[in-house]
$ cat structure_11.pdb   # PDB, C-alpha atoms
ATOM      1  CA  MET A  13       2.945  -3.043  44.730  1.00  0.00           C
ATOM      2  CA  SER A  14       2.474  -6.012  42.452  1.00  0.00           C
ATOM      3  CA  ALA A  15       5.497  -7.790  41.085  1.00  0.00           C
ATOM      4  CA  THR A  16       3.747  -8.213  37.727  1.00  0.00           C
ATOM      5  CA  SER A  17       3.595  -4.492  37.039  1.00  0.00           C
ATOM      6  CA  ILE A  18       7.320  -4.193  36.328  1.00  0.00           C
ATOM      7  CA  PRO A  19       8.753  -6.627  33.783  1.00  0.00           C
ATOM      8  CA  SER A  20      11.954  -8.325  34.765  1.00  0.00           C
ATOM      9  CA  ALA A  21      15.241  -7.454  33.107  1.00  0.00           C
ATOM     10  CA  ARG A  22      15.201 -10.828  31.347  1.00  0.00           C
ATOM     11  CA  ALA A  23      11.757 -10.148  29.815  1.00  0.00           C
ATOM     12  CA  ARG A  24      12.825  -6.692  28.656  1.00  0.00           C
ATOM     13  CA  ALA A  25      16.023  -8.090  27.096  1.00  0.00           C
ATOM     14  CA  LYS A  26      14.102 -10.871  25.345  1.00  0.00           C
ATOM     15  CA  THR A  27      11.660  -8.371  23.811  1.00  0.00           C
ATOM     16  CA  ARG A  28      14.506  -6.173  22.660  1.00  0.00           C
ATOM     17  CA  LEU A  29      16.342  -9.148  21.210  1.00  0.00           C
ATOM     18  CA  SER A  30      13.370 -10.295  19.159  1.00  0.00           C
ATOM     19  CA  PHE A  31      12.826  -6.775  17.786  1.00  0.00           C
ATOM     20  CA  ASP A  32      16.518  -6.580  16.881  1.00  0.00           C
ATOM     21  CA  ARG A  33      16.250  -9.945  15.148  1.00  0.00           C
ATOM     22  CA  PHE A  34      13.247  -8.746  13.166  1.00  0.00           C
ATOM     23  CA  ARG A  35      15.090  -5.585  12.127  1.00  0.00           C
ATOM     24  CA  ALA A  36      18.137  -7.632  11.096  1.00  0.00           C
ATOM     25  CA  TRP A  37      15.938 -10.021   9.094  1.00  0.00           C
ATOM     26  CA  LEU A  38      14.216  -7.069   7.403  1.00  0.00           C
ATOM     27  CA  VAL A  39      17.514  -5.410   6.450  1.00  0.00           C
ATOM     28  CA  ALA A  40      18.883  -8.723   5.160  1.00  0.00           C
ATOM     29  CA  TYR A  41      15.876  -9.260   2.904  1.00  0.00           C
ATOM     30  CA  ALA A  42      15.750  -5.600   1.816  1.00  0.00           C
ATOM     31  CA  THR A  43      19.349  -5.783   0.626  1.00  0.00           C
ATOM     32  CA  HIS A  44      19.464  -9.341  -0.767  1.00  0.00           C
ATOM     33  CA  PRO A  45      19.238  -9.105  -4.598  1.00  0.00           C
ATOM     34  CA  SER A  46      16.882 -12.042  -5.117  1.00  0.00           C
ATOM     35  CA  ALA A  47      14.574 -11.310  -2.165  1.00  0.00           C
ATOM     36  CA  ARG A  48      14.143  -7.538  -2.119  1.00  0.00           C
ATOM     37  CA  LEU A  49      11.595  -7.310  -4.955  1.00  0.00           C
ATOM     38  CA  TRP A  50       9.338  -9.848  -3.235  1.00  0.00           C
ATOM     39  CA  LEU A  51       9.723  -8.058   0.092  1.00  0.00           C
ATOM     40  CA  VAL A  52       8.564  -4.777  -1.446  1.00  0.00           C
ATOM     41  CA  ILE A  53       5.677  -6.457  -3.265  1.00  0.00           C
ATOM     42  CA  GLN A  54       4.594  -8.240  -0.075  1.00  0.00           C
ATOM     43  CA  LEU A  55       4.771  -4.983   1.880  1.00  0.00           C
ATOM     44  CA  ALA A  56       2.673  -3.252  -0.788  1.00  0.00           C
ATOM     45  CA  ILE A  57       0.077  -6.041  -0.759  1.00  0.00           C
ATOM     46  CA  LEU A  58      -0.057  -6.069   3.039  1.00  0.00           C
ATOM     47  CA  HIS A  59      -0.466  -2.275   3.023  1.00  0.00           C
ATOM     48  CA  ALA A  60      -3.319  -2.522   0.511  1.00  0.00           C
ATOM     49  CA  VAL A  61      -5.149  -5.273   2.394  1.00  0.00           C
ATOM     50  CA  ILE A  62      -4.873  -3.579   5.789  1.00  0.00           C
ATOM     51  CA  TRP A  63      -5.991  -0.186   4.493  1.00  0.00           C
ATOM     52  CA  THR A  64      -8.836  -1.699   2.478  1.00  0.00           C
ATOM     53  CA  PHE A  65     -10.244  -3.290   5.631  1.00  0.00           C
ATOM     54  CA  ILE A  66      -9.720  -0.074   7.584  1.00  0.00           C
ATOM     55  CA  LEU A  67     -11.556   1.935   4.930  1.00  0.00           C
ATOM     56  CA  ILE A  68     -14.409  -0.553   4.740  1.00  0.00           C
ATOM     57  CA  ASN A  69     -15.022  -0.103   8.458  1.00  0.00           C
ATOM     58  CA  LEU A  70     -14.173   3.588   8.647  1.00  0.00           C
ATOM     59  CA  LYS A  71     -16.294   4.753   5.715  1.00  0.00           C
ATOM     60  CA  ALA A  72     -19.264   2.399   6.116  1.00  0.00           C
ATOM     61  CA  ALA A  73     -21.700   5.274   6.733  1.00  0.00           C
ATOM     62  CA  GLN A  74     -20.469   7.440   3.848  1.00  0.00           C
ATOM     63  CA  ASP A  75     -21.284   7.463   0.167  1.00  0.00           C
ATOM     64  CA  VAL A  76     -18.672   6.665  -2.441  1.00  0.00           C
ATOM     65  CA  HIS A  77     -16.555   9.695  -3.308  1.00  0.00           C
ATOM     66  CA  MET A  78     -17.596  11.567  -6.462  1.00  0.00           C
ATOM     67  CA  ASP A  79     -14.213  10.936  -8.145  1.00  0.00           C
ATOM     68  CA  VAL A  80     -14.687   7.190  -7.716  1.00  0.00           C
ATOM     69  CA  ALA A  81     -18.210   7.365  -9.118  1.00  0.00           C
ATOM     70  CA  GLU A  82     -16.893   9.405 -12.044  1.00  0.00           C
ATOM     71  CA  ALA A  83     -14.167   6.830 -12.762  1.00  0.00           C
ATOM     72  CA  TRP A  84     -16.761   4.056 -12.596  1.00  0.00           C
ATOM     73  CA  GLY A  85     -18.896   5.942 -15.125  1.00  0.00           C
ATOM     74  CA  TRP A  86     -15.930   6.423 -17.454  1.00  0.00           C
ATOM     75  CA  GLY A  87     -15.162   2.730 -17.237  1.00  0.00           C
ATOM     76  CA  GLN A  88     -18.540   1.815 -18.727  1.00  0.00           C
ATOM     77  CA  LYS A  89     -17.228   2.679 -22.217  1.00  0.00           C
ATOM     78  CA  PHE A  90     -13.635   2.443 -23.330  1.00  0.00           C
ATOM     79  CA  LEU A  91     -13.098   5.776 -25.090  1.00  0.00           C
ATOM     80  CA  TRP A  92      -9.939   7.645 -26.169  1.00  0.00           C
ATOM     81  CA  GLY A  93     -10.572  10.373 -23.598  1.00  0.00           C
ATOM     82  CA  TYR A  94     -13.092  11.411 -20.961  1.00  0.00           C
ATOM     83  CA  GLY A  95     -13.753  15.147 -20.986  1.00  0.00           C
ATOM     84  CA  LYS A  96     -11.219  16.320 -18.452  1.00  0.00           C
ATOM     85  CA  HIS A  97      -8.904  13.266 -18.320  1.00  0.00           C
ATOM     86  CA  PRO A  98      -6.920  11.032 -20.661  1.00  0.00           C
ATOM     87  CA  PRO A  99      -8.295   7.520 -21.082  1.00  0.00           C
ATOM     88  CA  LEU A 100      -6.044   5.516 -18.713  1.00  0.00           C
ATOM     89  CA  SER A 101      -7.993   6.188 -15.500  1.00  0.00           C
ATOM     90  CA  GLY A 102     -11.299   5.224 -17.124  1.00  0.00           C
ATOM     91  CA  TRP A 103      -9.765   2.100 -18.640  1.00  0.00           C
ATOM     92  CA  ILE A 104      -8.285   0.988 -15.315  1.00  0.00           C
ATOM     93  CA  ALA A 105     -11.604   1.537 -13.536  1.00  0.00           C
ATOM     94  CA  GLY A 106     -13.475  -0.238 -16.333  1.00  0.00           C
ATOM     95  CA  LEU A 107     -11.185  -3.278 -16.177  1.00  0.00           C
ATOM     96  CA  TRP A 108     -11.299  -3.311 -12.372  1.00  0.00           C
ATOM     97  CA  PHE A 109     -15.098  -3.273 -12.246  1.00  0.00           C
ATOM     98  CA  LYS A 110     -15.351  -5.971 -14.888  1.00  0.00           C
ATOM     99  CA  VAL A 111     -13.560  -8.256 -12.401  1.00  0.00           C
ATOM    100  CA  PHE A 112     -15.003  -6.903  -9.130  1.00  0.00           C
ATOM    101  CA  PRO A 113     -18.551  -5.774  -8.339  1.00  0.00           C
ATOM    102  CA  ALA A 114     -19.454  -2.099  -8.115  1.00  0.00           C
ATOM    103  CA  ALA A 115     -19.360  -2.066  -4.317  1.00  0.00           C
ATOM    104  CA  ASP A 116     -17.761   0.174  -1.722  1.00  0.00           C
ATOM    105  CA  TRP A 117     -15.128  -2.392  -0.774  1.00  0.00           C
ATOM    106  CA  ALA A 118     -14.092  -2.773  -4.417  1.00  0.00           C
ATOM    107  CA  THR A 119     -13.580   0.980  -4.782  1.00  0.00           C
ATOM    108  CA  TYR A 120     -11.399   1.046  -1.661  1.00  0.00           C
ATOM    109  CA  ALA A 121      -9.465  -1.952  -2.941  1.00  0.00           C
ATOM    110  CA  LEU A 122      -8.918  -0.170  -6.276  1.00  0.00           C
ATOM    111  CA  ALA A 123      -7.593   2.906  -4.468  1.00  0.00           C
ATOM    112  CA  MET A 124      -5.228   0.831  -2.346  1.00  0.00           C
ATOM    113  CA  ALA A 125      -4.092  -1.258  -5.324  1.00  0.00           C
ATOM    114  CA  THR A 126      -3.185   1.990  -7.075  1.00  0.00           C
ATOM    115  CA  VAL A 127      -1.214   3.181  -4.037  1.00  0.00           C
ATOM    116  CA  SER A 128       0.547  -0.193  -3.805  1.00  0.00           C
ATOM    117  CA  VAL A 129       1.598  -0.127  -7.445  1.00  0.00           C
ATOM    118  CA  GLY A 130       2.879   3.397  -6.830  1.00  0.00           C
ATOM    119  CA  MET A 131       4.907   2.159  -3.856  1.00  0.00           C
ATOM    120  CA  VAL A 132       6.607  -0.495  -5.989  1.00  0.00           C
ATOM    121  CA  ILE A 133       7.311   2.060  -8.724  1.00  0.00           C
ATOM    122  CA  CYS A 134       8.811   4.452  -6.146  1.00  0.00           C
ATOM    123  CA  TRP A 135      11.048   1.619  -4.943  1.00  0.00           C
ATOM    124  CA  LEU A 136      12.208   0.871  -8.499  1.00  0.00           C
ATOM    125  CA  VAL A 137      13.022   4.554  -9.068  1.00  0.00           C
ATOM    126  CA  ALA A 138      14.771   4.830  -5.699  1.00  0.00           C
ATOM    127  CA  LEU A 139      16.977   1.840  -6.557  1.00  0.00           C
ATOM    128  CA  ARG A 140      18.400   3.855  -9.442  1.00  0.00           C
ATOM    129  CA  VAL A 141      19.438   6.637  -7.057  1.00  0.00           C
ATOM    130  CA  VAL A 142      20.293   5.071  -3.682  1.00  0.00           C
ATOM    131  CA  ASP A 143      21.351   1.722  -2.239  1.00  0.00           C
ATOM    132  CA  PRO A 144      18.743  -1.042  -1.623  1.00  0.00           C
ATOM    133  CA  ARG A 145      18.469  -0.339   2.116  1.00  0.00           C
ATOM    134  CA  ARG A 146      17.590   3.299   1.554  1.00  0.00           C
ATOM    135  CA  ALA A 147      15.273   2.376  -1.326  1.00  0.00           C
ATOM    136  CA  PHE A 148      13.320   0.164   1.077  1.00  0.00           C
ATOM    137  CA  LEU A 149      13.172   3.111   3.489  1.00  0.00           C
ATOM    138  CA  VAL A 150      11.603   5.123   0.662  1.00  0.00           C
ATOM    139  CA  VAL A 151       8.850   2.524   0.386  1.00  0.00           C
ATOM    140  CA  VAL A 152       8.237   2.595   4.133  1.00  0.00           C
ATOM    141  CA  MET A 153       8.095   6.390   4.110  1.00  0.00           C
ATOM    142  CA  VAL A 154       5.652   6.415   1.179  1.00  0.00           C
ATOM    143  CA  ALA A 155       3.473   3.955   3.116  1.00  0.00           C
ATOM    144  CA  LEU A 156       3.477   6.262   6.139  1.00  0.00           C
ATOM    145  CA  TYR A 157       3.247   9.637   4.390  1.00  0.00           C
ATOM    146  CA  PRO A 158      -0.367  10.858   4.150  1.00  0.00           C
ATOM    147  CA  ILE A 159      -0.342  12.558   0.712  1.00  0.00           C
ATOM    148  CA  PRO A 160      -0.183   9.446  -1.557  1.00  0.00           C
ATOM    149  CA  ASN A 161      -2.420   7.642   0.926  1.00  0.00           C
ATOM    150  CA  ARG A 162      -5.101  10.335   0.915  1.00  0.00           C
ATOM    151  CA  ARG A 163      -8.362   8.568   1.551  1.00  0.00           C
ATOM    152  CA  HIS A 164     -11.510   9.961  -0.033  1.00  0.00           C
TER     153      HIS A 164
END

$ encode --input "structure_11.pdb" --output "structure tokens"
Amino acid sequence: MSATSIPSARARAKTRLSFDRFRAWLVAYATHPSARLWLVIQLAILHAVIWTFILINLKAAQDVHMDVAEAWGWGQKFLWGYGKHPPLSGWIAGLWFKVFPAADWATYALAMATVSVGMVICWLVALRVVDPRRAFLVVVMVALYPIPNRRH
């Protein structure tokens, strides 16, 4: 049996210690009044970037979802309503595609930007109900829960 197959007690303790340090750092920033907003925003941005790249690679062989194409069409004209929806979704898509090209990656980035803004809003609402540590847990749970992160 090779001696490299079983890590030594020192290596296991060092790994555990660094994970504990990371957790302690995360809790400290999540509860510090001047740092917690930036922590949540950074987590939301990181979530959006990672999932945008995942979707670009995962959905490369698929067409754009019909809801995304519909939103793009609504965004071509800024009206006061779009048949079955109020105007906000068409306006957001119109503004987004004035800045970014009408490409698959831009539609995935729009979806993830929407989810990220929702994560920050959930954190702000949670702060009114629970302490900052639990509010950060709400953001983590929203990031992991599949319903708000439903990918078309």

$ resolve_selection --input "structure_11.pdb" --expression "the PyMOL selection byres ((chain A and resi 54) around 12)" --output "ChimeraX atom specification"
/A:41-42,47-53,55-61,128-129,131-132,151

$ write_last_selection --input "structure_11.pdb" --atoms "C-alpha atoms" --output "CSV table (one decimal), in the coordinates of the input"
chain,number,residue,atom,x,y,z
A,41,TYR,CA,15.9,-9.3,2.9
A,42,ALA,CA,15.8,-5.6,1.8
A,47,ALA,CA,14.6,-11.3,-2.2
A,48,ARG,CA,14.1,-7.5,-2.1
A,49,LEU,CA,11.6,-7.3,-5.0
A,50,TRP,CA,9.3,-9.8,-3.2
A,51,LEU,CA,9.7,-8.1,0.1
A,52,VAL,CA,8.6,-4.8,-1.4
A,53,ILE,CA,5.7,-6.5,-3.3
A,55,LEU,CA,4.8,-5.0,1.9
A,56,ALA,CA,2.7,-3.3,-0.8
A,57,ILE,CA,0.1,-6.0,-0.8
A,58,LEU,CA,-0.1,-6.1,3.0
A,59,HIS,CA,-0.5,-2.3,3.0
A,60,ALA,CA,-3.3,-2.5,0.5
A,61,VAL,CA,-5.1,-5.3,2.4
A,128,SER,CA,0.5,-0.2,-3.8
A,129,VAL,CA,1.6,-0.1,-7.4
A,131,MET,CA,4.9,2.2,-3.9
A,132,VAL,CA,6.6,-0.5,-6.0
A,151,VAL,CA,8.8,2.5,0.4

$ resolve_selection --input "structure_11.pdb" --expression "the PyMOL selection byres ((chain A and resi 68) around 10)" --output "MDAnalysis selection string"
chainID A and resid 63:67 69:73 116:121

$ resolve_selection --input "structure_11.pdb" --expression "the PyMOL selection byres ((chain A and resi 144) around 10)" --output "list in words"
Val39, Tyr41, Ala42, Thr43, His44, Pro45, Arg48, Trp135, Leu136, Ala138, Leu139, Arg140, Val141, Val142, Asp143, Arg145, Arg146, Ala147, Phe148, Leu149 and Val150 of chain A

$ write_last_selection --input "structure_11.pdb" --atoms "C-alpha atoms" --output "mmCIF file, keeping the file's coordinate frame"
data_model
loop_
_atom_site.group_PDB
_atom_site.id
_atom_site.type_symbol
_atom_site.label_atom_id
_atom_site.label_comp_id
_atom_site.auth_asym_id
_atom_site.auth_seq_id
_atom_site.Cartn_x
_atom_site.Cartn_y
_atom_site.Cartn_z
ATOM 1 C CA VAL A 39 17.514 -5.410 6.450
ATOM 2 C CA TYR A 41 15.876 -9.260 2.904
ATOM 3 C CA ALA A 42 15.750 -5.600 1.816
ATOM 4 C CA THR A 43 19.349 -5.783 0.626
ATOM 5 C CA HIS A 44 19.464 -9.341 -0.767
ATOM 6 C CA PRO A 45 19.238 -9.105 -4.598
ATOM 7 C CA ARG A 48 14.143 -7.538 -2.119
ATOM 8 C CA TRP A 135 11.048 1.619 -4.943
ATOM 9 C CA LEU A 136 12.208 0.871 -8.499
ATOM 10 C CA ALA A 138 14.771 4.830 -5.699
ATOM 11 C CA LEU A 139 16.977 1.840 -6.557
ATOM 12 C CA ARG A 140 18.400 3.855 -9.442
ATOM 13 C CA VAL A 141 19.438 6.637 -7.057
ATOM 14 C CA VAL A 142 20.293 5.071 -3.682
ATOM 15 C CA ASP A 143 21.351 1.722 -2.239
ATOM 16 C CA ARG A 145 18.469 -0.339 2.116
ATOM 17 C CA ARG A 146 17.590 3.299 1.554
ATOM 18 C CA ALA A 147 15.273 2.376 -1.326
ATOM 19 C CA PHE A 148 13.320 0.164 1.077
ATOM 20 C CA LEU A 149 13.172 3.111 3.489
ATOM 21 C CA VAL A 150 11.603 5.123 0.662
#

$ residues_around --input "structure_11.pdb" --residues "segment 100-108 of chain A" --least-positions-apart "5" --cutoff "12 Å" --atoms "all atoms listed in the file" --output "list in words"
Asp79, Val80, Ala81, Glu82, Ala83, Trp84, Gly85, Trp86, Gly87, Gln88, Lys89, Phe90, Leu91, Trp92, Gly93, Tyr94, Gly95, Pro113, Ala114, Ala115, Ala118, Thr119, Tyr120, Ala121, Leu122, Ala123, Ala125 and Thr126 of chain A

$ write_last_selection --input "structure_11.pdb" --atoms "C-alpha atoms" --output "mmCIF file, in the coordinates of the input"
data_model
loop_
_atom_site.group_PDB
_atom_site.id
_atom_site.type_symbol
_atom_site.label_atom_id
_atom_site.label_comp_id
_atom_site.auth_asym_id
_atom_site.auth_seq_id
_atom_site.Cartn_x
_atom_site.Cartn_y
_atom_site.Cartn_z
ATOM 1 C CA ASP A 79 -14.213 10.936 -8.145
ATOM 2 C CA VAL A 80 -14.687 7.190 -7.716
ATOM 3 C CA ALA A 81 -18.210 7.365 -9.118
ATOM 4 C CA GLU A 82 -16.893 9.405 -12.044
ATOM 5 C CA ALA A 83 -14.167 6.830 -12.762
ATOM 6 C CA TRP A 84 -16.761 4.056 -12.596
ATOM 7 C CA GLY A 85 -18.896 5.942 -15.125
ATOM 8 C CA TRP A 86 -15.930 6.423 -17.454
ATOM 9 C CA GLY A 87 -15.162 2.730 -17.237
ATOM 10 C CA GLN A 88 -18.540 1.815 -18.727
ATOM 11 C CA LYS A 89 -17.228 2.679 -22.217
ATOM 12 C CA PHE A 90 -13.635 2.443 -23.330
ATOM 13 C CA LEU A 91 -13.098 5.776 -25.090
ATOM 14 C CA TRP A 92 -9.939 7.645 -26.169
ATOM 15 C CA GLY A 93 -10.572 10.373 -23.598
ATOM 16 C CA TYR A 94 -13.092 11.411 -20.961
ATOM 17 C CA GLY A 95 -13.753 15.147 -20.986
ATOM 18 C CA PRO A 113 -18.551 -5.774 -8.339
ATOM 19 C CA ALA A 114 -19.454 -2.099 -8.115
ATOM 20 C CA ALA A 115 -19.360 -2.066 -4.317
ATOM 21 C CA ALA A 118 -14.092 -2.773 -4.417
ATOM 22 C CA THR A 119 -13.580 0.980 -4.782
ATOM 23 C CA TYR A 120 -11.399 1.046 -1.661
ATOM 24 C CA ALA A 121 -9.465 -1.952 -2.941
ATOM 25 C CA LEU A 122 -8.918 -0.170 -6.276
ATOM 26 C CA ALA A 123 -7.593 2.906 -4.468
ATOM 27 C CA ALA A 125 -4.092 -1.258 -5.324
ATOM 28 C CA THR A 126 -3.185 1.990 -7.075
#
